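Have a look at the structure below, then the notes.
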Amino acid sequence: MHERKDKERAPRNRTLTLSGEERERYTRNLLRLTGRIDAKKLTNTTINQDLFQILDHLPAQFVDLLFIDPPYNLTKEFGTTSFKETNSKEYALWVSSWLPRLLPILKSTASVYICGDWRSSGVIQSIIERHLVIQNRITWEREKGRGAKRNWKNCSEDIWFCTVSKDFYFNADAVSLKRRVIAPYRDASGKPKDWDQTQNGDFRLTCPSNLWTDLTVPFWSMPENTDHPTQKPEKLLAKVILASSREGEFIFDPFLGSGTTSVVARKLGRFYCGVEIDAEYCCLAEKRLAMAEIDNTIQGYSEGVFWERNSLAYQNGNSRTGNIATDQLALSLREEMDRYAK
Ligand SMILES: C[S@@+](CC[C@H](N)C(=O)[O-])C[C@H]1O[C@@H](n2cnc3c(N)ncnc32)[C@H](O)[C@@H]1O
């Protein structure tokens with residue numbers, strides 16, 4: 001395995017890394033497929049292989065939810081491999097070389113989520129509309145990123161929500177967003193109108209929309225952070241998994257990266273399997289899975305609801321100091337980030 005060089009890190013940096021002993025231990029957990037395998041043997045595993053090598057070995061119709069976060073059409077290094085930006089036609093050919101081959105693994109009631117940035121999203125749409133029923137396009141605010149001098153800063157990504165048929169599961173109640181009330185309207189009798197007055201403040205549970213602005217891209221002070229360059233937030237996966245699967249159902253991720261899909265599936269009581277070409281990322285996924293056994297919390301999701309960004313103090317019941325505490329925390333984190341930035 002290609003070992004990454006240890007970086008110098010800030011004292012409060014919580015980025016997950018692997019020791020030599022952990023690398024050896026977690027490598028022993030990884031699966032390599034050489035022929036047909038049944039779904040039982042795939043349950044709760046990480047496959048360390050090139051997706052193209054294993055597509056023909058996967059069983060038919062065992063997946064309830066397929067989450068796909070492929071390399072976008074950008075030049076990017078993923079550990080030992082890299083993806084090279086190309087034109088839309090070539091990118092479409094690449095997506096078409098694996099996407100239709102994943103369809104046989106889906107149950108007839110399955111849902112599929114596919115991620116993309118503004119450039120690859122259109123290409124992905126043109127392919128999936130030939131194979132799946134498109135239900136929606138989610139756009140989420142991606143705060144992290146460099147400003148551009150000659151263009152708008154790229155601050156959003158898309159996730160296409162599709163299903164195999166019109167018969168599918170969707171649980172909107174499981175993904176409500178808890179927001180602080182800005183306009184606390186009351187009815188004629190003085191009772192709060194569609195909001196709750198609690199000891200920790202005034203809150204409203206809002207219906208989940210296709211615009212997600214409550215996510216934080218993992219960074220070094222978050223316990224879920226790894227060195228994977230495009231790691232998705234656990235909160236994002238929690239929304240997808242809670243809305244589109246039941247406990248005990250099977251979730252598959254063909255581009256697993258650092259393991260976010262499998263980790264959140266385990267935390268929420270679903271079965272999972274992921275494929276990742278890079279051994280180091282596979283081991284990080286296994287380490288996160290082992291940690292999820294001990295701690296199944298998901299940042300930004302508690303008491304069965306999703307909380308808006310920067311609401312940790314409210315979630316902990318410290319409503320009066322909420323704003324001050326989160327603002328000061330954000331400030332000191334920003335200072336520390338700047339100090340250790342390359
Ligand atoms: C966008 S990242 C996924 C990140 C992931 N969602 C997470 O939260 O960490 C895409 C991943 O696909 C992997 N990958 C690229 N080509 C692959 C292939 N042919 N087979 C398996 N994995 C591949 C890359 O190594 C990379 O980790």
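Labeling convention for the structure tokens: chains A, B, ... as they appear, residues from 1 per chain, ligands from 1 in order of appearance.
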Subject >> Site check for ligand 1: residues at most 8 Å away, only C-alpha atoms and all ligand atoms, as a VMD selection string >> reply: chain A and resid 48 to 52 68 to 72 78 to 83 228 to 234 254 to 261 275 to 278 281
Using only C-alpha atoms, what table do you get, as a Markdown table, when you list each residue of segment 167-222 of chain A with an atom no more than 12 Å from segment 61-67 of chain A, its nearest pair of atoms, and their distance in Å rounded to one decimal, rows by chain then rising number?
```
| residue | atom | partner | partner_atom | distance |
| --- | --- | --- | --- | --- |
| A:Asp167 | CA | A:Asp64 | CA | 12.0 |
| A:Phe168 | CA | A:Asp64 | CA | 9.4 |
| A:Tyr169 | CA | A:Asp64 | CA | 9.4 |
| A:Phe170 | CA | A:Leu65 | CA | 11.2 |
```
**OP:** Could you check which of A:Ala243, A:Asn136, A:Trp118, A:Glu141 is closest to Asn171 of chain A, using only C-alpha atoms?
**Re:** A:Ala243
When DSSP is applied to the backbone of this structure, which of segment 33-248 of chain A are assigned strand (DSSP E)? Write them out as a short mmCIF file (atom, residue, chain, number, x, y, z; two decimals) with C-alpha atoms, in the first residue's frame.
```cif
data_model
loop_
_atom_site.label_atom_id
_atom_site.label_comp_id
_atom_site.auth_asym_id
_atom_site.auth_seq_id
_atom_site.Cartn_x
_atom_site.Cartn_y
_atom_site.Cartn_z
CA THR A 45 -18.03 -4.68 3.69
CA THR A 46 -15.55 -2.40 1.93
CA ILE A 47 -14.31 -3.63 -1.45
CA VAL A 63 -29.80 -2.63 -3.30
CA ASP A 64 -32.49 -0.36 -1.80
CA LEU A 65 -30.48 2.85 -2.01
CA LEU A 66 -27.56 3.64 -4.34
CA PHE A 67 -25.48 6.70 -3.45
CA ILE A 68 -23.01 7.77 -6.14
CA LYS A 76 -8.14 16.01 -9.00
CA GLU A 77 -5.84 13.62 -7.16
CA PHE A 78 -7.46 10.89 -5.08
CA THR A 81 -5.09 7.72 -8.56
CA SER A 82 -6.22 10.88 -10.27
CA PHE A 83 -9.02 12.08 -12.51
CA LEU A 106 -31.13 -2.25 -7.90
CA LYS A 107 -34.43 -3.48 -6.51
CA SER A 108 -37.47 -2.27 -8.44
CA THR A 109 -38.32 0.06 -5.50
CA ALA A 110 -34.79 1.47 -5.14
CA SER A 111 -33.73 5.11 -5.03
CA VAL A 112 -30.54 6.53 -6.55
CA TYR A 113 -28.72 9.74 -5.61
CA ILE A 114 -25.94 11.05 -7.89
CA CYS A 115 -23.69 13.99 -7.00
CA GLY A 116 -22.21 16.54 -9.38
CA VAL A 133 -37.17 8.30 -13.14
CA ILE A 134 -35.79 11.68 -12.06
CA GLN A 135 -37.67 12.87 -8.97
CA ASN A 136 -35.76 16.03 -8.11
CA ARG A 137 -32.48 17.92 -8.15
CA ILE A 138 -31.13 18.96 -4.76
CA THR A 139 -28.72 21.88 -4.60
CA TRP A 140 -26.60 22.26 -1.50
CA GLU A 141 -24.50 25.17 -0.38
CA SER A 156 -22.96 24.89 -4.68
CA GLU A 157 -23.28 21.29 -5.78
CA ASP A 158 -26.16 19.21 -7.07
CA ILE A 159 -27.50 15.81 -6.14
CA TRP A 160 -29.89 14.13 -8.56
CA PHE A 161 -32.61 12.13 -6.80
CA CYS A 162 -33.94 9.32 -9.01
CA THR A 163 -35.89 6.11 -8.60
CA LEU A 177 -35.11 20.96 9.63
CA LYS A 178 -35.24 22.74 13.00
CA ARG A 179 -34.87 26.50 12.60
CA ARG A 180 -34.91 29.40 15.00
CA ASP A 196 -42.67 25.89 19.59
CA GLN A 197 -41.67 27.98 22.53
CA THR A 198 -39.04 26.03 24.50
CA GLY A 201 -35.53 29.25 22.39
CA ASP A 202 -38.27 29.47 19.78
CA PHE A 203 -38.08 26.88 17.00
CA ARG A 204 -40.02 25.81 13.94
CA LEU A 205 -39.82 22.41 12.24
CA THR A 206 -39.71 23.06 8.50
CA LEU A 211 -32.16 23.58 -1.29
CA TRP A 212 -29.82 22.55 1.54
#
```
**OP:** Per DSSP on the backbone, filter segment 68-247 of chain A down to the residues in alpha helix (DSSP H) and report them as a PyMOL selection string.
**Re:** chain A and resi 88-102+118-128+234-244
Write a file of the selected residues as a PDB file, in the first residue's frame, keeping C-alpha atoms.
```pdb
ATOM      1  CA  SER A  88     -18.376  17.022 -21.633  1.00  0.00           C
ATOM      2  CA  LYS A  89     -18.609  14.403 -24.380  1.00  0.00           C
ATOM      3  CA  GLU A  90     -15.732  12.361 -22.929  1.00  0.00           C
ATOM      4  CA  TYR A  91     -17.096  12.739 -19.393  1.00  0.00           C
ATOM      5  CA  ALA A  92     -20.503  11.523 -20.609  1.00  0.00           C
ATOM      6  CA  LEU A  93     -18.820   8.478 -22.160  1.00  0.00           C
ATOM      7  CA  TRP A  94     -17.046   7.754 -18.889  1.00  0.00           C
ATOM      8  CA  VAL A  95     -20.282   8.014 -16.823  1.00  0.00           C
ATOM      9  CA  SER A  96     -22.050   5.842 -19.419  1.00  0.00           C
ATOM     10  CA  SER A  97     -19.339   3.201 -19.041  1.00  0.00           C
ATOM     11  CA  TRP A  98     -20.397   2.370 -15.444  1.00  0.00           C
ATOM     12  CA  LEU A  99     -23.821   3.842 -14.652  1.00  0.00           C
ATOM     13  CA  PRO A 100     -26.010   1.504 -16.771  1.00  0.00           C
ATOM     14  CA  ARG A 101     -23.977  -1.444 -15.467  1.00  0.00           C
ATOM     15  CA  LEU A 102     -25.041  -0.595 -11.898  1.00  0.00           C
ATOM     16  CA  TRP A 118     -22.514  22.661 -11.955  1.00  0.00           C
ATOM     17  CA  ARG A 119     -20.412  21.437 -14.872  1.00  0.00           C
ATOM     18  CA  SER A 120     -20.917  17.671 -14.541  1.00  0.00           C
ATOM     19  CA  SER A 121     -24.519  17.905 -13.329  1.00  0.00           C
ATOM     20  CA  GLY A 122     -25.968  18.569 -16.801  1.00  0.00           C
ATOM     21  CA  VAL A 123     -24.021  15.689 -18.302  1.00  0.00           C
ATOM     22  CA  ILE A 124     -25.250  13.360 -15.551  1.00  0.00           C
ATOM     23  CA  GLN A 125     -28.858  14.473 -16.102  1.00  0.00           C
ATOM     24  CA  SER A 126     -28.675  13.682 -19.810  1.00  0.00           C
ATOM     25  CA  ILE A 127     -27.605  10.120 -18.987  1.00  0.00           C
ATOM     26  CA  ILE A 128     -29.832   9.280 -16.025  1.00  0.00           C
ATOM     27  CA  GLU A 234     -22.081  12.909   7.346  1.00  0.00           C
ATOM     28  CA  LYS A 235     -25.115  15.194   7.752  1.00  0.00           C
ATOM     29  CA  LEU A 236     -25.665  15.159   3.961  1.00  0.00           C
ATOM     30  CA  LEU A 237     -25.665  11.352   3.884  1.00  0.00           C
ATOM     31  CA  ALA A 238     -27.948  11.233   6.931  1.00  0.00           C
ATOM     32  CA  LYS A 239     -30.570  13.247   5.023  1.00  0.00           C
ATOM     33  CA  VAL A 240     -30.380  10.967   1.985  1.00  0.00           C
ATOM     34  CA  ILE A 241     -30.418   7.750   4.014  1.00  0.00           C
ATOM     35  CA  LEU A 242     -33.231   8.756   6.377  1.00  0.00           C
ATOM     36  CA  ALA A 243     -35.443  10.047   3.559  1.00  0.00           C
ATOM     37  CA  SER A 244     -34.901   7.170   1.147  1.00  0.00           C
TER      38      SER A 244
END
```
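Minimum atom-to-atom distances from A:Asp187, A:Glu224, A:Asp194, A:Asp173 to Leu289 of chain A were compared using only C-alpha atoms, and the lowest value belongs to A:Glu224.
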Residues of segment 227-311 of chain A at most 8 Å from segment 28-36 of chain A: nearest atom pair and distance in Å, only C-alpha atoms, as CSV:
```
residue,atom,partner,partner_atom,distance
A:Cys282,CA,A:Leu30,CA,7.4
A:Cys283,CA,A:Leu30,CA,8.0
A:Glu286,CA,A:Asn29,CA,7.7
```
